[in-house]
$ cat run-v7.csv   # CSV, C-alpha atoms
chain,number,residue,atom,x,y,z
A,18,MET,CA,-47.0,23.3,-47.8
A,19,GLY,CA,-43.8,25.0,-49.1
A,20,VAL,CA,-41.9,27.7,-47.4
A,21,GLY,CA,-42.4,31.0,-49.2
A,22,VAL,CA,-39.6,33.3,-50.2
A,23,ILE,CA,-39.8,36.8,-48.7
A,24,GLU,CA,-38.9,39.3,-51.5
A,25,THR,CA,-37.2,42.5,-50.6
A,26,SER,CA,-38.9,45.7,-51.7
A,27,TYR,CA,-36.7,48.8,-52.3
A,28,ARG,CA,-38.0,52.4,-52.0
A,29,CYS,CA,-36.7,55.4,-53.8
A,30,GLU,CA,-35.3,58.0,-51.3
A,31,ILE,CA,-36.7,60.9,-53.4
A,32,CYS,CA,-40.1,59.9,-54.7
A,33,GLY,CA,-41.0,56.9,-52.6
A,34,GLU,CA,-41.6,54.5,-55.6
A,35,GLU,CA,-41.2,50.9,-54.5
A,36,SER,CA,-40.0,47.9,-56.5
A,37,GLN,CA,-39.0,44.3,-55.9
A,38,ASN,CA,-37.2,44.3,-59.2
A,39,PRO,CA,-35.3,47.6,-59.4
A,40,VAL,CA,-33.7,47.0,-62.8
A,41,ARG,CA,-32.4,50.6,-63.7
A,42,TRP,CA,-32.1,51.8,-60.1
A,43,VAL,CA,-29.0,53.3,-58.5
A,44,VAL,CA,-27.4,52.6,-55.0
A,45,ILE,CA,-25.4,55.1,-53.1
A,46,HIS,CA,-23.2,54.6,-50.1
A,47,CYS,CA,-22.0,57.8,-48.4
A,48,SER,CA,-20.4,59.3,-45.3
A,49,ASP,CA,-19.4,62.9,-44.5
A,50,SER,CA,-16.3,62.6,-46.7
A,51,GLN,CA,-17.1,59.9,-49.3
A,52,LEU,CA,-19.9,59.1,-51.7
A,53,THR,CA,-19.9,55.9,-53.9
A,54,VAL,CA,-22.5,55.3,-56.6
A,55,PHE,CA,-23.3,51.8,-57.9
A,56,LYS,CA,-25.4,50.6,-60.8
A,57,TRP,CA,-28.0,48.4,-59.2
A,58,ASP,CA,-26.4,45.6,-57.3
A,59,LYS,CA,-28.3,43.6,-54.8
A,60,GLU,CA,-25.3,43.1,-52.5
A,61,ALA,CA,-24.6,46.9,-52.4
A,62,ALA,CA,-28.3,47.6,-52.0
A,63,ASP,CA,-28.7,45.3,-49.0
A,64,GLN,CA,-25.7,46.8,-47.1
A,65,ARG,CA,-26.5,48.8,-44.0
A,66,GLY,CA,-27.0,52.5,-44.8
A,67,ALA,CA,-27.4,52.0,-48.5
A,68,ARG,CA,-29.6,54.6,-50.2
A,69,HIS,CA,-31.8,53.6,-53.2
A,70,TYR,CA,-32.9,55.7,-56.2
A,71,CYS,CA,-35.3,54.8,-59.0
A,72,GLY,CA,-33.1,56.3,-61.6
A,73,GLU,CA,-30.2,58.6,-62.5
A,74,ALA,CA,-32.3,61.8,-62.1
A,75,HIS,CA,-33.2,61.0,-58.5
A,76,ALA,CA,-29.6,59.9,-57.7
A,77,GLN,CA,-28.4,63.2,-59.1
A,78,ILE,CA,-30.7,65.1,-56.7
A,79,TYR,CA,-29.2,63.3,-53.8
A,80,ILE,CA,-25.6,63.8,-55.1
A,81,SER,CA,-26.2,67.5,-55.5
A,82,ARG,CA,-27.6,67.8,-52.0
A,83,TRP,CA,-24.7,65.9,-50.6
A,84,PHE,CA,-22.1,68.2,-52.3
A,85,GLN,CA,-24.0,71.3,-51.2
A,86,SER,CA,-24.1,70.0,-47.6
A,87,PHE,CA,-20.5,68.9,-47.7
A,88,CYS,CA,-19.2,72.1,-49.4
A,89,GLY,CA,-21.5,74.3,-47.4
A,90,SER,CA,-20.5,72.8,-44.0
A,91,ALA,CA,-17.6,75.4,-43.7
A,92,ARG,CA,-20.3,78.1,-44.0
A,93,GLY,CA,-22.5,76.6,-41.4
A,94,GLY,CA,-24.3,74.1,-43.7
A,95,LEU,CA,-27.4,74.4,-45.8
A,96,SER,CA,-31.0,73.5,-45.1
A,97,TYR,CA,-33.4,72.1,-47.7
A,98,SER,CA,-37.1,72.6,-48.2
A,99,ALA,CA,-39.3,69.6,-48.7
A,100,GLY,CA,-39.9,70.5,-52.3
A,101,ALA,CA,-36.3,70.9,-53.3
$ encode --input "run-v7.csv" --output "C-alpha cells"
Amino acid sequence: MGVGVIETSYRCEICGEESQNPVRWVVIHCSDSQLTVFKWDKEAADQRGARHYCGEAHAQIYISRWFQSFCGSARGGLSYSAGA
C-alpha cells in the first residue's frame, strides 16, 4: 500500500471556486501599506496570509477594495455590502 499525496485545493476569495490546478489564477499578499500581486506561483500561494483569485477580474475586485479601504481610512474607512 503506497502513501498517497495530499493535494492542496485553493479557493477564490471572491466567488469561492476551488481548484487543485489553478493555472491562470492570481496570488495577492497585502498589508495595510503594501499590496503585491503574483501570477500563480505555488510558493507564493502557500505563504501564510496569501489570498487566491481565480482570475484577473476577481483580483481586480480585491485590489479596488484594498485601495478604497486604504485611501478611505483617513475619512473613517469604507464598508462593503456582500454583493459589491
$ atom_distance --input "run-v7.csv" --atom1 "CA of Ile31 (chain A)" --atom2 "CA of His46 (chain A)"
15.3 Å
$ closest_residue --input "run-v7.csv" --among "A:Pro39, A:Ile80, A:Ile45, A:Cys29" --to "Ala67 (chain A)" --atoms "all atoms listed in the file"
A:Ile45
$ residues_around --input "run-v7.csv" --residues "Tyr27 (chain A)" --least-positions-apart "2" --cutoff "9 Å" --atoms "only C-alpha atoms" --output "ChimeraX atom specification"
/A:25,29,34-39,62,69-70
$ closest_residue --input "run-v7.csv" --among "A:Glu73, A:Asp58, A:Asp49, A:Asp63" --to "Gln85 (chain A)" --atoms "all atoms listed in the file"
A:Asp49
$ closest_residue --input "run-v7.csv" --among "A:Val40, A:Cys32, A:Ala76, A:Cys71" --to "Val54 (chain A)" --atoms "all atoms listed in the file"
A:Ala76
$ atom_distance --input "run-v7.csv" --atom1 "CA of Ser26 (chain A)" --atom2 "CA of Phe84 (chain A)"
28.1 Å
$ atom_distance --input "run-v7.csv" --atom1 "CA of Ser86 (chain A)" --atom2 "CA of Ser50 (chain A)"
10.8 Å
$ axis_aligned_box --input "run-v7.csv" --around "region 35-49 of chain A" --padding-each-side "8 Å" --output "JSON"
{"center_x": -30.3, "center_y": 53.6, "center_z": -54.1, "size_x": 37.8, "size_y": 34.6, "size_z": 35.2}
